[in-house]
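A.B. asks: Supplied in structure tokens, the structure appears directly below.
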Amino acid sequence: MTQFTDAPIFDADQHMYETPDALTRHLPERYRRAVQFVQVGRATRIAIRGKITDYIPNPTFDRVAAPGAWEKFFSGQNREGQSLREMTGRAIESRPSFREPAPRLVEMDAQGVDEALVYPTLANLVEHSAAEDPELVVAMIHALNRWMLDTWGYTHADRLFMTPVISCALVDDARRELDYVLENGAKVVLIKPAPVKGLRGWRSPALPEFDPFWADVERAGIPVVLHSSQPPLDDYINRWEPPDSNDFTEMSAFRWVTLGHREIADMLTSLICHGTLTRFPKLRIASIENGSAWIHPLFDDLQAAYNKMPQAFPEHPLEVFRRNVWVSPFWEGSVADVISTVGWDRVLFGSDFPHPEGLAEPRGYYAYAEGMDEKRTRDFMGDNARRLLGLPVRDPAGDRSPVAV
């Protein structure tokens, strides 16, 4: 089969590179000392609550790895056995399209991309690094969201859909933050797939005590994205292999294999088994940049548990998953993982542009495409994401009206 390559692309996984004041411009004065940029030799690092984090080793993003620099690694073609640092080569100056919406649209036009979801990058480290102080987490998230509104807006030209962040650590604050981003035009929100630490300790955000927030989300009809973030399992893995560095580019083989994607599987399991998706059946949840290799094992585990203890489930867990969840496989991953479990209408394309682990440009995906016909290519490359957001689809044979939400 000749792969159809003219689908109007909605890229469900693009990123912005924040400016250094993204976490501090709107941070209340009493928290200013909690977030600092410090010099370590010739490098600038970010310190949160007095502890330097090197999970993102270049937090100013003045110079970054080129988009797609690690493509050989992630596509399994690293025959020379290079490290990610070696593959990075010489860093490039951040382009205006990495920093601002208008230049991003120009770049998207050149790349043949119609629309995109755009995620922050620094948000990856906020909740993990500041978890011991839930009020600081909430303040940092709000400061980032205000910076995002200043710089990108939450919707730009009906083509760029930014993803302001919600931390569920403090339920009332999460509800206020949701109100704030909705009032300012957000069409989607981002939540870290992990437990949160509130004033009562660590909890799953899918427990009934968080229901007031989820009720607000369902009432607003806004989709929630669960995007990969700094892994919550770091502390556990450090008991097996204390790290020389948490720098993503220097991860050991043990750490790479063990981290896997347990956090997204556990988050979705909690949303199903703790009943959130049954109490609020209209929620739309999307897993982005978490891959898809975890889906078959999770489906097997959910089915096995249901066979043993159906009374523990208010609904069949696989039916809940298929009703409420969308999944974006890695660009180098398998679309078939998703369609054989969740279905064709639940699979989303994401390039991870302009990150080095992403594609140099989104249309580069076709080098890895699995031979989809025109209808399925249109669904995967764009229309399913449009349906998720309630936007008109572009399939010439399909319904052009927005999906009912």
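Letters A, B, ... mark the chains of the structure tokens in the order given; residue numbers begin at 1 per chain; ligand numbers begin at 1, in order shown.
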If you run DSSP on the backbone here, which positions in range 142-367 of chain A get strand (DSSP E)? Please write them as a list of chain:residue names.

C.D. replies: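 Those residues are A:Thr155, A:His156, A:Leu160, A:Phe161, A:Met162, A:Val189, A:Leu190, A:Ile191, A:Val196, A:Lys197, A:Gly198, A:Gly201, A:Trp202, A:Arg203, A:Val224, A:Val225, A:Leu226, A:His227, A:Ile285, A:Ala286, A:Ser287, A:Ile288, A:Val325, A:Trp326, A:Val327.
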
A.B. asks: Keeping only N, CA and C atoms, write those residues as a short mmCIF file (atom, residue, chain, number, x, y, z; two decimals), in the first residue's frame.

C.D. replies:
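Final output, out.cif:
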```cif
data_model
loop_
_atom_site.label_atom_id
_atom_site.label_comp_id
_atom_site.auth_asym_id
_atom_site.auth_seq_id
_atom_site.Cartn_x
_atom_site.Cartn_y
_atom_site.Cartn_z
N THR A 155 -5.12 30.30 23.27
CA THR A 155 -5.51 29.93 21.91
C THR A 155 -5.00 31.03 21.00
N HIS A 156 -4.32 30.64 19.94
CA HIS A 156 -3.76 31.63 19.02
C HIS A 156 -4.17 31.30 17.59
N LEU A 160 -3.12 27.29 17.27
CA LEU A 160 -2.27 26.88 18.38
C LEU A 160 -3.11 26.82 19.64
N PHE A 161 -3.07 25.67 20.30
CA PHE A 161 -3.86 25.48 21.51
C PHE A 161 -2.89 25.14 22.64
N MET A 162 -2.60 26.15 23.47
CA MET A 162 -1.66 25.97 24.56
C MET A 162 -2.32 25.22 25.71
N VAL A 189 -6.39 21.46 29.19
CA VAL A 189 -5.51 21.66 30.34
C VAL A 189 -4.59 20.46 30.48
N LEU A 190 -3.47 20.69 31.18
CA LEU A 190 -2.42 19.70 31.35
C LEU A 190 -2.30 19.31 32.82
N ILE A 191 -2.28 18.01 33.08
CA ILE A 191 -2.10 17.50 34.45
C ILE A 191 -0.98 16.46 34.43
N VAL A 196 -0.24 13.34 43.90
CA VAL A 196 0.06 14.71 44.32
C VAL A 196 0.22 14.74 45.83
N LYS A 197 1.05 15.67 46.30
CA LYS A 197 1.23 15.80 47.74
C LYS A 197 0.52 17.05 48.22
N GLY A 198 -0.57 16.85 48.94
CA GLY A 198 -1.31 17.96 49.51
C GLY A 198 -1.02 18.09 50.99
N GLY A 201 -0.77 14.73 52.80
CA GLY A 201 0.20 13.76 52.31
C GLY A 201 -0.06 13.37 50.87
N TRP A 202 0.60 12.30 50.43
CA TRP A 202 0.49 11.85 49.04
C TRP A 202 -0.86 11.19 48.79
N ARG A 203 -1.47 11.55 47.66
CA ARG A 203 -2.78 11.00 47.29
C ARG A 203 -2.85 10.85 45.77
N VAL A 224 -8.56 16.91 29.22
CA VAL A 224 -7.38 16.90 30.10
C VAL A 224 -6.30 16.06 29.45
N VAL A 225 -5.11 16.63 29.32
CA VAL A 225 -3.96 15.90 28.80
C VAL A 225 -3.08 15.45 29.95
N LEU A 226 -2.69 14.19 29.91
CA LEU A 226 -1.70 13.64 30.83
C LEU A 226 -0.41 13.48 30.04
N HIS A 227 0.50 14.42 30.19
CA HIS A 227 1.75 14.43 29.42
C HIS A 227 2.87 13.93 30.30
N ILE A 285 -9.84 12.25 28.44
CA ILE A 285 -8.47 12.18 28.94
C ILE A 285 -7.56 11.73 27.80
N ALA A 286 -6.48 12.46 27.57
CA ALA A 286 -5.53 12.10 26.52
C ALA A 286 -4.16 11.85 27.12
N SER A 287 -3.55 10.73 26.75
CA SER A 287 -2.19 10.42 27.14
C SER A 287 -1.26 10.84 26.01
N ILE A 288 -0.34 11.76 26.31
CA ILE A 288 0.55 12.32 25.30
C ILE A 288 2.00 12.12 25.73
N VAL A 325 -10.62 7.60 27.08
CA VAL A 325 -9.19 7.84 26.93
C VAL A 325 -8.76 7.83 25.47
N TRP A 326 -7.92 8.82 25.12
CA TRP A 326 -7.22 8.91 23.84
C TRP A 326 -5.73 8.68 24.10
N VAL A 327 -5.00 8.13 23.13
CA VAL A 327 -3.57 7.84 23.33
C VAL A 327 -2.78 8.27 22.10
#
```

A.B. asks: What lies within 9 Å of Gln36 in chain A using only C-alpha atoms, ignoring chain neighbours under 4 positions off, as number ranges by chain?

C.D. replies: A: 24, 32, 45-50

A.B. asks: Would you mind telling me which residue in A:Asp109, A:Asp114, A:Asp21, A:Glu370 lies nearest to Ala7 in chain A when using only C-alpha atoms?

C.D. replies: A:Asp114

A.B. asks: Nearest to Asn124 in chain A: which of A:Pro101, A:Gly41, A:Pro193, A:Gly382 is it, counting only C-alpha atoms?

C.D. replies: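 Ranking A:Pro101, A:Gly41, A:Pro193, A:Gly382 by distance to Asn124 in chain A, first place goes to A:Pro193.
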
A.B. asks: Compile a residue-level contact table for range 317-343 of chain A against range 74-86 of chain A at a cut-off of 10 Å, reporting for every qualifying residue the shortest atom pair and its distance in Å to one decimal, with only C-alpha atoms counted, rows ordered by chain and ascending number, as a Markdown table.

C.D. replies:
```
| residue | atom | partner | partner_atom | distance |
| --- | --- | --- | --- | --- |
| A:Phe330 | CA | A:Phe74 | CA | 9.2 |
| A:Trp331 | CA | A:Ser75 | CA | 8.7 |
| A:Glu332 | CA | A:Ser75 | CA | 5.5 |
| A:Gly333 | CA | A:Ser75 | CA | 8.4 |
```

A.B. asks: Of the candidates A:Arg376, A:Ser129, A:Arg42, A:Trp294, which one gets nearest to Asp234 in chain A if we count only C-alpha atoms?

C.D. replies: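 Of all the options, A:Ser129 lies closest to Asp234 in chain A.
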
A.B. asks: Find, counting only C-alpha atoms, the residue in A:Asp54, A:Glu115, A:Asp266, A:Asp179 that gets nearest to Arg386 in chain A.

C.D. replies: A:Glu115

A.B. asks: Out of range 303-371 of chain A, which residues get alpha helix (DSSP H) from DSSP, as a ChimeraX atom specification?

C.D. replies: /A:303-308,317-324,335-339

A.B. asks: Restricting the output to C-alpha atoms, write the selected residues as an mmCIF file, in the first residue's frame.

C.D. replies:
```
data_model
loop_
_atom_site.group_PDB
_atom_site.id
_atom_site.type_symbol
_atom_site.label_atom_id
_atom_site.label_comp_id
_atom_site.auth_asym_id
_atom_site.auth_seq_id
_atom_site.Cartn_x
_atom_site.Cartn_y
_atom_site.Cartn_z
ATOM 1 C CA GLN A 303 -9.178 -7.796 32.419
ATOM 2 C CA ALA A 304 -7.574 -10.286 34.831
ATOM 3 C CA ALA A 305 -8.586 -8.200 37.843
ATOM 4 C CA TYR A 306 -12.138 -7.864 36.525
ATOM 5 C CA ASN A 307 -12.370 -11.633 36.022
ATOM 6 C CA LYS A 308 -11.343 -12.195 39.642
ATOM 7 C CA PRO A 317 -12.600 -1.278 33.098
ATOM 8 C CA LEU A 318 -11.804 -1.762 29.422
ATOM 9 C CA GLU A 319 -15.107 -0.210 28.387
ATOM 10 C CA VAL A 320 -14.314 2.781 30.604
ATOM 11 C CA PHE A 321 -10.874 3.128 29.033
ATOM 12 C CA ARG A 322 -12.298 2.988 25.506
ATOM 13 C CA ARG A 323 -14.972 5.550 26.344
ATOM 14 C CA ASN A 324 -12.807 8.134 28.066
ATOM 15 C CA VAL A 335 -0.175 2.888 16.052
ATOM 16 C CA ALA A 336 -1.401 -0.715 16.065
ATOM 17 C CA ASP A 337 -0.878 -0.867 19.854
ATOM 18 C CA VAL A 338 -3.620 1.698 20.239
ATOM 19 C CA ILE A 339 -6.072 0.684 17.537
#
```

A.B. asks: Which one is closest to Ile272 in chain A: A:Leu170, A:Val342, A:Ala312, A:Ile52? Count only C-alpha atoms.

C.D. replies: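 Comparing A:Leu170, A:Val342, A:Ala312, A:Ile52 against Ile272 in chain A, the winner is A:Ala312.
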